[in-house]
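Student: Okay, so here is protein.cif, and as you'll see once you scroll down, it has mmCIF, N, CA and C atoms.
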```cif
data_protein
#
loop_
_atom_site.label_atom_id
_atom_site.label_comp_id
_atom_site.auth_asym_id
_atom_site.auth_seq_id
_atom_site.Cartn_x
_atom_site.Cartn_y
_atom_site.Cartn_z
N MET A 1 -22.94 -114.40 -180.26
CA MET A 1 -22.73 -112.99 -180.01
C MET A 1 -21.26 -112.70 -179.74
N GLN A 2 -20.45 -113.72 -179.48
CA GLN A 2 -19.03 -113.53 -179.19
C GLN A 2 -18.30 -112.81 -180.32
N ASN A 3 -18.61 -113.15 -181.58
CA ASN A 3 -17.93 -112.55 -182.72
C ASN A 3 -18.66 -111.34 -183.26
N ASP A 4 -19.72 -110.94 -182.60
CA ASP A 4 -20.51 -109.80 -183.02
C ASP A 4 -19.69 -108.52 -182.83
N PRO A 5 -19.54 -107.69 -183.87
CA PRO A 5 -18.80 -106.44 -183.69
C PRO A 5 -19.56 -105.50 -182.75
N LEU A 6 -18.85 -104.56 -182.17
CA LEU A 6 -19.48 -103.57 -181.30
C LEU A 6 -20.08 -102.45 -182.15
N ARG A 7 -21.30 -102.09 -181.83
CA ARG A 7 -22.00 -101.01 -182.53
C ARG A 7 -22.37 -99.95 -181.50
N GLN A 8 -22.30 -98.70 -181.94
CA GLN A 8 -22.69 -97.59 -181.08
C GLN A 8 -23.68 -96.71 -181.84
N VAL A 9 -24.85 -96.50 -181.23
CA VAL A 9 -25.88 -95.64 -181.81
C VAL A 9 -26.09 -94.46 -180.86
N PHE A 10 -26.06 -93.28 -181.42
CA PHE A 10 -26.22 -92.04 -180.68
C PHE A 10 -27.40 -91.32 -181.32
N TYR A 11 -28.45 -91.03 -180.54
CA TYR A 11 -29.64 -90.41 -181.12
C TYR A 11 -30.23 -89.35 -180.20
N HIS A 12 -31.10 -88.55 -180.79
CA HIS A 12 -31.86 -87.51 -180.09
C HIS A 12 -33.32 -87.69 -180.49
N SER A 13 -34.24 -87.44 -179.53
CA SER A 13 -35.67 -87.48 -179.84
C SER A 13 -36.42 -86.53 -178.93
N GLN A 14 -37.65 -86.23 -179.30
CA GLN A 14 -38.51 -85.35 -178.52
C GLN A 14 -39.50 -86.18 -177.71
N ALA A 15 -39.73 -85.79 -176.46
CA ALA A 15 -40.71 -86.47 -175.62
C ALA A 15 -42.10 -86.22 -176.20
N ALA A 16 -42.96 -87.23 -176.15
CA ALA A 16 -44.32 -87.10 -176.66
C ALA A 16 -45.10 -86.11 -175.79
N ALA A 17 -45.82 -85.21 -176.42
CA ALA A 17 -46.62 -84.22 -175.70
C ALA A 17 -47.77 -84.91 -174.98
N GLY A 18 -48.07 -84.43 -173.79
CA GLY A 18 -49.21 -84.95 -173.06
C GLY A 18 -48.97 -86.22 -172.28
N LEU A 19 -47.78 -86.81 -172.41
CA LEU A 19 -47.47 -88.02 -171.66
C LEU A 19 -46.61 -87.66 -170.46
N ASP A 20 -46.90 -88.27 -169.34
CA ASP A 20 -46.08 -88.09 -168.16
C ASP A 20 -44.97 -89.14 -168.21
N VAL A 21 -43.77 -88.73 -168.58
CA VAL A 21 -42.65 -89.65 -168.73
C VAL A 21 -42.06 -89.95 -167.36
N ASP A 22 -42.07 -91.22 -166.98
CA ASP A 22 -41.46 -91.66 -165.72
C ASP A 22 -40.03 -92.09 -166.03
N ILE A 23 -39.12 -91.14 -165.97
CA ILE A 23 -37.74 -91.40 -166.36
C ILE A 23 -37.07 -92.42 -165.45
N ASP A 24 -37.44 -92.44 -164.17
CA ASP A 24 -36.86 -93.42 -163.25
C ASP A 24 -37.25 -94.84 -163.67
N GLN A 25 -38.48 -95.02 -164.11
CA GLN A 25 -38.93 -96.34 -164.58
C GLN A 25 -38.22 -96.72 -165.88
N ILE A 26 -38.04 -95.75 -166.76
CA ILE A 26 -37.33 -96.02 -168.03
C ILE A 26 -35.90 -96.47 -167.74
N ILE A 27 -35.21 -95.78 -166.84
CA ILE A 27 -33.82 -96.12 -166.51
C ILE A 27 -33.75 -97.48 -165.83
N ALA A 28 -34.66 -97.76 -164.90
CA ALA A 28 -34.64 -99.06 -164.21
C ALA A 28 -34.84 -100.20 -165.20
N THR A 29 -35.79 -100.05 -166.11
CA THR A 29 -36.03 -101.09 -167.12
C THR A 29 -34.83 -101.22 -168.05
N ALA A 30 -34.26 -100.08 -168.46
CA ALA A 30 -33.10 -100.10 -169.35
C ALA A 30 -31.92 -100.80 -168.69
N LYS A 31 -31.66 -100.49 -167.42
CA LYS A 31 -30.53 -101.13 -166.73
C LYS A 31 -30.71 -102.64 -166.66
N ARG A 32 -31.93 -103.07 -166.35
CA ARG A 32 -32.19 -104.51 -166.27
C ARG A 32 -32.00 -105.18 -167.64
N ASN A 33 -32.66 -104.65 -168.66
CA ASN A 33 -32.58 -105.25 -169.99
C ASN A 33 -31.18 -105.13 -170.59
N ASN A 34 -30.57 -103.98 -170.43
CA ASN A 34 -29.25 -103.76 -171.03
C ASN A 34 -28.20 -104.65 -170.40
N GLY A 35 -28.32 -104.90 -169.10
CA GLY A 35 -27.38 -105.80 -168.44
C GLY A 35 -27.43 -107.20 -169.03
N MET A 36 -28.63 -107.66 -169.33
CA MET A 36 -28.79 -109.00 -169.92
C MET A 36 -28.31 -109.05 -171.37
N ASP A 37 -28.44 -107.92 -172.08
CA ASP A 37 -28.12 -107.88 -173.50
C ASP A 37 -26.71 -107.37 -173.82
N GLY A 38 -25.94 -107.00 -172.78
CA GLY A 38 -24.59 -106.51 -173.02
C GLY A 38 -24.54 -105.10 -173.55
N ILE A 39 -25.59 -104.32 -173.28
CA ILE A 39 -25.67 -102.94 -173.76
C ILE A 39 -25.19 -102.00 -172.66
N THR A 40 -24.38 -101.02 -173.03
CA THR A 40 -23.99 -99.94 -172.12
C THR A 40 -24.36 -98.62 -172.77
N GLY A 41 -24.27 -97.53 -172.00
CA GLY A 41 -24.58 -96.24 -172.59
C GLY A 41 -24.91 -95.19 -171.57
N VAL A 42 -25.44 -94.09 -172.07
CA VAL A 42 -25.81 -92.95 -171.24
C VAL A 42 -27.06 -92.31 -171.83
N MET A 43 -27.89 -91.71 -170.96
CA MET A 43 -29.09 -91.01 -171.40
C MET A 43 -29.19 -89.66 -170.70
N PHE A 44 -29.55 -88.65 -171.48
CA PHE A 44 -29.89 -87.35 -170.94
C PHE A 44 -31.39 -87.17 -171.18
N PHE A 45 -32.10 -86.60 -170.21
CA PHE A 45 -33.50 -86.25 -170.38
C PHE A 45 -33.74 -84.94 -169.66
N ASP A 46 -34.23 -83.94 -170.39
CA ASP A 46 -34.44 -82.63 -169.79
C ASP A 46 -35.91 -82.29 -169.61
N GLY A 47 -36.77 -83.31 -169.70
CA GLY A 47 -38.20 -83.09 -169.59
C GLY A 47 -38.87 -82.86 -170.93
N ARG A 48 -38.08 -82.53 -171.95
CA ARG A 48 -38.61 -82.28 -173.29
C ARG A 48 -38.01 -83.19 -174.35
N SER A 49 -36.76 -83.58 -174.15
CA SER A 49 -36.10 -84.39 -175.17
C SER A 49 -35.15 -85.40 -174.54
N PHE A 50 -34.88 -86.43 -175.32
CA PHE A 50 -33.96 -87.50 -174.93
C PHE A 50 -32.71 -87.40 -175.79
N LEU A 51 -31.60 -87.73 -175.19
CA LEU A 51 -30.33 -87.87 -175.90
C LEU A 51 -29.72 -89.14 -175.34
N GLN A 52 -29.42 -90.10 -176.20
CA GLN A 52 -28.95 -91.38 -175.69
C GLN A 52 -27.87 -91.96 -176.58
N VAL A 53 -26.93 -92.66 -175.92
CA VAL A 53 -25.92 -93.47 -176.59
C VAL A 53 -26.17 -94.91 -176.15
N LEU A 54 -26.31 -95.81 -177.12
CA LEU A 54 -26.40 -97.25 -176.88
C LEU A 54 -25.19 -97.89 -177.52
N GLU A 55 -24.54 -98.80 -176.82
CA GLU A 55 -23.41 -99.50 -177.42
C GLU A 55 -23.34 -100.92 -176.90
N GLY A 56 -22.82 -101.79 -177.75
CA GLY A 56 -22.70 -103.19 -177.39
C GLY A 56 -22.64 -104.05 -178.63
N PRO A 57 -22.86 -105.37 -178.47
CA PRO A 57 -22.85 -106.26 -179.63
C PRO A 57 -23.88 -105.77 -180.66
N ALA A 58 -23.50 -105.77 -181.92
CA ALA A 58 -24.33 -105.19 -182.97
C ALA A 58 -25.75 -105.76 -182.99
N THR A 59 -25.91 -107.07 -182.81
CA THR A 59 -27.26 -107.64 -182.83
C THR A 59 -28.09 -107.17 -181.64
N SER A 60 -27.47 -107.04 -180.48
CA SER A 60 -28.18 -106.55 -179.29
C SER A 60 -28.56 -105.08 -179.45
N VAL A 61 -27.66 -104.28 -179.98
CA VAL A 61 -27.95 -102.87 -180.19
C VAL A 61 -29.08 -102.72 -181.21
N ALA A 62 -29.05 -103.52 -182.27
CA ALA A 62 -30.11 -103.45 -183.28
C ALA A 62 -31.47 -103.76 -182.67
N ALA A 63 -31.55 -104.80 -181.85
CA ALA A 63 -32.82 -105.17 -181.22
C ALA A 63 -33.28 -104.09 -180.23
N THR A 64 -32.36 -103.57 -179.44
CA THR A 64 -32.69 -102.52 -178.48
C THR A 64 -33.13 -101.25 -179.19
N PHE A 65 -32.41 -100.88 -180.23
CA PHE A 65 -32.75 -99.66 -180.96
C PHE A 65 -34.10 -99.80 -181.67
N ALA A 66 -34.43 -100.98 -182.13
CA ALA A 66 -35.75 -101.21 -182.74
C ALA A 66 -36.85 -100.95 -181.72
N ARG A 67 -36.65 -101.41 -180.47
CA ARG A 67 -37.63 -101.14 -179.41
C ARG A 67 -37.72 -99.64 -179.12
N VAL A 68 -36.56 -98.99 -179.08
CA VAL A 68 -36.52 -97.55 -178.82
C VAL A 68 -37.30 -96.81 -179.89
N MET A 69 -37.09 -97.15 -181.15
CA MET A 69 -37.76 -96.45 -182.25
C MET A 69 -39.28 -96.64 -182.19
N ALA A 70 -39.74 -97.76 -181.67
CA ALA A 70 -41.17 -98.05 -181.61
C ALA A 70 -41.84 -97.49 -180.34
N ASP A 71 -41.07 -96.95 -179.42
CA ASP A 71 -41.61 -96.47 -178.14
C ASP A 71 -42.44 -95.21 -178.36
N PRO A 72 -43.72 -95.22 -177.94
CA PRO A 72 -44.59 -94.06 -178.17
C PRO A 72 -44.32 -92.88 -177.24
N ARG A 73 -43.39 -93.02 -176.29
CA ARG A 73 -43.10 -91.92 -175.37
C ARG A 73 -42.23 -90.84 -175.99
N HIS A 74 -41.81 -91.05 -177.25
CA HIS A 74 -41.02 -90.02 -177.92
C HIS A 74 -41.28 -90.06 -179.41
N HIS A 75 -40.82 -89.02 -180.12
CA HIS A 75 -41.01 -88.91 -181.57
C HIS A 75 -39.85 -88.09 -182.15
N SER A 76 -39.86 -87.94 -183.45
CA SER A 76 -38.84 -87.14 -184.15
C SER A 76 -37.43 -87.62 -183.82
N LEU A 77 -37.25 -88.92 -183.82
CA LEU A 77 -35.95 -89.52 -183.51
C LEU A 77 -34.97 -89.20 -184.64
N THR A 78 -33.81 -88.68 -184.26
CA THR A 78 -32.75 -88.36 -185.21
C THR A 78 -31.48 -89.11 -184.80
N VAL A 79 -30.96 -89.92 -185.71
CA VAL A 79 -29.70 -90.62 -185.44
C VAL A 79 -28.57 -89.64 -185.72
N ILE A 80 -27.76 -89.41 -184.70
CA ILE A 80 -26.62 -88.50 -184.80
C ILE A 80 -25.39 -89.25 -185.29
N SER A 81 -25.24 -90.47 -184.79
CA SER A 81 -24.11 -91.31 -185.17
C SER A 81 -24.51 -92.77 -185.02
N ASP A 82 -24.15 -93.59 -185.98
CA ASP A 82 -24.39 -95.03 -185.94
C ASP A 82 -23.14 -95.66 -186.56
N ARG A 83 -22.33 -96.28 -185.71
CA ARG A 83 -21.04 -96.76 -186.21
C ARG A 83 -20.57 -98.00 -185.48
N GLU A 84 -19.69 -98.73 -186.14
CA GLU A 84 -18.99 -99.83 -185.49
C GLU A 84 -17.83 -99.22 -184.71
N VAL A 85 -17.59 -99.73 -183.49
CA VAL A 85 -16.51 -99.21 -182.66
C VAL A 85 -15.61 -100.35 -182.22
N ALA A 86 -14.35 -100.04 -182.00
CA ALA A 86 -13.39 -101.04 -181.54
C ALA A 86 -13.54 -101.32 -180.05
N GLU A 87 -13.94 -100.28 -179.30
CA GLU A 87 -14.15 -100.44 -177.86
C GLU A 87 -15.26 -99.49 -177.43
N ARG A 88 -15.81 -99.78 -176.27
CA ARG A 88 -16.93 -98.99 -175.74
C ARG A 88 -16.43 -97.67 -175.15
N ASP A 89 -17.25 -96.64 -175.31
CA ASP A 89 -16.99 -95.36 -174.65
C ASP A 89 -17.63 -95.31 -173.27
N PHE A 90 -18.64 -96.14 -173.03
CA PHE A 90 -19.36 -96.15 -171.76
C PHE A 90 -19.40 -97.57 -171.20
N ALA A 91 -18.23 -98.20 -171.14
CA ALA A 91 -18.12 -99.62 -170.82
C ALA A 91 -18.71 -100.02 -169.47
N TYR A 92 -18.68 -99.15 -168.49
CA TYR A 92 -19.14 -99.53 -167.16
C TYR A 92 -20.49 -98.92 -166.81
N TRP A 93 -21.18 -98.37 -167.80
CA TRP A 93 -22.47 -97.74 -167.56
C TRP A 93 -23.57 -98.58 -168.18
N SER A 94 -24.36 -99.30 -167.36
CA SER A 94 -25.45 -100.11 -167.92
C SER A 94 -26.50 -99.21 -168.56
N MET A 95 -26.70 -98.06 -168.02
CA MET A 95 -27.45 -96.95 -168.61
C MET A 95 -27.52 -95.89 -167.54
N GLU A 96 -26.67 -94.91 -167.65
CA GLU A 96 -26.64 -93.83 -166.68
C GLU A 96 -27.53 -92.71 -167.16
N LEU A 97 -28.15 -92.03 -166.22
CA LEU A 97 -28.98 -90.87 -166.53
C LEU A 97 -28.25 -89.63 -166.05
N SER A 98 -28.21 -88.63 -166.90
CA SER A 98 -27.65 -87.35 -166.48
C SER A 98 -28.71 -86.29 -166.68
N ASP A 99 -28.88 -85.45 -165.69
CA ASP A 99 -29.82 -84.34 -165.75
C ASP A 99 -29.07 -83.12 -166.27
N PRO A 100 -29.36 -82.67 -167.49
CA PRO A 100 -28.60 -81.53 -168.04
C PRO A 100 -28.88 -80.23 -167.31
N GLU A 101 -29.98 -80.15 -166.54
CA GLU A 101 -30.29 -78.94 -165.79
C GLU A 101 -29.45 -78.85 -164.51
N ALA A 102 -29.10 -80.01 -163.94
CA ALA A 102 -28.36 -80.01 -162.67
C ALA A 102 -27.44 -81.21 -162.57
N PRO A 103 -26.51 -81.35 -163.52
CA PRO A 103 -25.60 -82.50 -163.46
C PRO A 103 -24.62 -82.35 -162.31
N SER A 104 -24.25 -83.48 -161.72
CA SER A 104 -23.26 -83.43 -160.65
C SER A 104 -21.88 -83.22 -161.27
N GLU A 105 -20.97 -82.68 -160.48
CA GLU A 105 -19.60 -82.48 -160.95
C GLU A 105 -18.98 -83.82 -161.35
N GLU A 106 -19.26 -84.87 -160.58
CA GLU A 106 -18.73 -86.19 -160.91
C GLU A 106 -19.28 -86.69 -162.24
N ALA A 107 -20.58 -86.50 -162.47
CA ALA A 107 -21.18 -86.93 -163.74
C ALA A 107 -20.55 -86.18 -164.91
N ILE A 108 -20.35 -84.87 -164.75
CA ILE A 108 -19.72 -84.09 -165.82
C ILE A 108 -18.32 -84.60 -166.09
N TRP A 109 -17.54 -84.82 -165.03
CA TRP A 109 -16.16 -85.30 -165.20
C TRP A 109 -16.15 -86.66 -165.89
N ARG A 110 -17.01 -87.58 -165.43
CA ARG A 110 -17.04 -88.92 -166.02
C ARG A 110 -17.44 -88.86 -167.49
N LEU A 111 -18.43 -88.05 -167.80
CA LEU A 111 -18.89 -87.95 -169.17
C LEU A 111 -17.83 -87.32 -170.07
N ARG A 112 -17.19 -86.26 -169.62
CA ARG A 112 -16.14 -85.63 -170.42
C ARG A 112 -15.00 -86.61 -170.72
N ARG A 113 -14.62 -87.42 -169.73
CA ARG A 113 -13.57 -88.41 -169.93
C ARG A 113 -13.97 -89.41 -171.02
N ARG A 114 -15.21 -89.84 -170.99
CA ARG A 114 -15.66 -90.83 -171.96
C ARG A 114 -15.84 -90.23 -173.35
N LEU A 115 -16.11 -88.94 -173.43
CA LEU A 115 -16.33 -88.30 -174.71
C LEU A 115 -15.04 -87.86 -175.41
N GLU A 116 -13.90 -88.07 -174.77
CA GLU A 116 -12.64 -87.65 -175.37
C GLU A 116 -12.42 -88.28 -176.74
N ARG A 117 -12.93 -89.49 -176.95
CA ARG A 117 -12.73 -90.17 -178.23
C ARG A 117 -13.79 -89.79 -179.27
N PHE A 118 -14.85 -89.10 -178.83
CA PHE A 118 -15.87 -88.66 -179.77
C PHE A 118 -15.37 -87.46 -180.55
N SER A 119 -15.94 -87.25 -181.71
CA SER A 119 -15.64 -86.06 -182.48
C SER A 119 -16.06 -84.83 -181.67
N PRO A 120 -15.22 -83.78 -181.64
CA PRO A 120 -15.62 -82.55 -180.95
C PRO A 120 -16.95 -81.98 -181.46
N ASP A 121 -17.32 -82.30 -182.69
CA ASP A 121 -18.60 -81.84 -183.24
C ASP A 121 -19.79 -82.39 -182.48
N LEU A 122 -19.61 -83.51 -181.78
CA LEU A 122 -20.71 -84.12 -181.04
C LEU A 122 -20.81 -83.62 -179.61
N HIS A 123 -19.80 -82.96 -179.10
CA HIS A 123 -19.79 -82.52 -177.70
C HIS A 123 -20.94 -81.59 -177.36
N HIS A 124 -21.34 -80.75 -178.30
CA HIS A 124 -22.40 -79.77 -177.99
C HIS A 124 -23.73 -80.43 -177.68
N TYR A 125 -23.91 -81.69 -178.07
CA TYR A 125 -25.14 -82.38 -177.72
C TYR A 125 -25.21 -82.67 -176.22
N PHE A 126 -24.07 -82.75 -175.57
CA PHE A 126 -24.00 -83.09 -174.15
C PHE A 126 -23.80 -81.90 -173.24
N PHE A 127 -23.14 -80.85 -173.71
CA PHE A 127 -22.78 -79.75 -172.84
C PHE A 127 -23.36 -78.45 -173.38
N ARG A 128 -24.41 -77.96 -172.68
CA ARG A 128 -25.03 -76.69 -173.04
C ARG A 128 -25.24 -75.88 -171.77
N ASP A 129 -25.15 -74.57 -171.91
CA ASP A 129 -25.50 -73.73 -170.75
C ASP A 129 -27.01 -73.49 -170.75
N THR A 130 -27.50 -72.78 -169.79
CA THR A 130 -28.95 -72.60 -169.66
C THR A 130 -29.56 -71.78 -170.79
N CYS A 131 -28.77 -71.05 -171.54
CA CYS A 131 -29.28 -70.27 -172.67
C CYS A 131 -29.29 -71.09 -173.94
N GLY A 132 -28.77 -72.31 -173.89
CA GLY A 132 -28.76 -73.16 -175.08
C GLY A 132 -27.51 -73.04 -175.92
N SER A 133 -26.59 -72.17 -175.56
CA SER A 133 -25.35 -72.08 -176.33
C SER A 133 -24.35 -73.10 -175.81
N ASP A 134 -23.44 -73.45 -176.66
CA ASP A 134 -22.47 -74.50 -176.30
C ASP A 134 -21.50 -73.99 -175.25
N GLN A 135 -21.16 -74.89 -174.32
CA GLN A 135 -20.09 -74.61 -173.37
C GLN A 135 -18.81 -75.18 -173.93
N GLU A 136 -17.71 -74.64 -173.53
CA GLU A 136 -16.43 -75.18 -173.96
C GLU A 136 -16.21 -76.52 -173.26
N VAL A 137 -15.83 -77.51 -174.02
CA VAL A 137 -15.51 -78.82 -173.46
C VAL A 137 -14.00 -78.91 -173.39
N GLY A 138 -13.49 -79.19 -172.20
CA GLY A 138 -12.05 -79.23 -172.15
C GLY A 138 -11.48 -79.87 -171.01
#
```
For this file, write the structure as structure tokens.
Tutor:
Amino acid sequence: MQNDPLRQVFYHSQAAAGLDVDIDQIIATAKRNNGMDGITGVMFFDGRSFLQVLEGPATSVAATFARVMADPRHHSLTVISDREVAERDFAYWSMELSDPEAPSEEAIWRLRRRLERFSPDLHHYFFRDTCGSDQEVG
């Protein structure tokens, strides 16, 4: 895995209807598994949909993403970006959860700093006001 290039997968999916999603359990499991596999990233969950970035060694990301795609707790998975990267955007986040309804000021600041290298076209996936329109990222 030492020579494995870094891969970053950014996706969106819808929570499965009728299932009670235990997001705290998902994050705890992700942090444990991702730490062992060298995966970092961030997840947003608003009760209806997931938005996640996974990054790390390409083989680890491929295995993790395969598990994600097979998870019955969500559907309609859409890959927003899947690319090789020179360095991680979320290097110190084993898997952080951000609540888009009530994010902390620190979480917003940390996320904006990490998204500086992302295309501005992707920012609207992370920053929305309560009406669903994009907020200015700056």
Student: Would you pick out the contacts of region 55-64 of chain A at 7 Å or less, using only N, CA and C atoms, so that residues sharing its chain but fewer than 3 positions from it are not included, and give the list as a ChimeraX atom specification?
Tutor: /A:1,4-9,37-42,67-69,88
Student: Using all atoms listed in the file, can you tell me which of A:Ile27, A:Val21, A:Ser94, A:His74 comes closest to Phe50 (chain A)?
Tutor: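 Ranked by minimum distance to Phe50 (chain A), first place goes to A:His74.
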Student: Once the PyMOL selection byres (((chain A and resi 73 and name CA) around 9) and name CA) has been evaluated on this model, what residues remain selected, and can you format them as an MDAnalysis selection string?
Tutor: chainID A and resid 14:17 19:21 70:72 74:75
Student: Using Å and a single decimal, report how far CA of Glu87 (chain A) sits from CA of Ala30 (chain A).
Tutor: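 Distance between the two atoms: 20.8 Å.
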Student: Among region 42-72 of chain A, which ones does DSSP assign to alpha helix (DSSP H) (computed from the backbone)? Answer as a list of chain:residue names.
Tutor: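 Restricting region 42-72 of chain A to alpha helix (DSSP H) produces A:Ala58, A:Thr59, A:Ser60, A:Val61, A:Ala62, A:Ala63, A:Thr64, A:Phe65, A:Ala66, A:Arg67, A:Val68, A:Met69, A:Ala70.
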Student: Separation of atom C of Arg83 (chain A) and atom C of Val53 (chain A), in Å?
Tutor: 11.3 Å
Student: State, in Å with one decimal place, the distance from CA of Val85 (chain A) to atom C of Leu54 (chain A).
Tutor: 10.2 Å
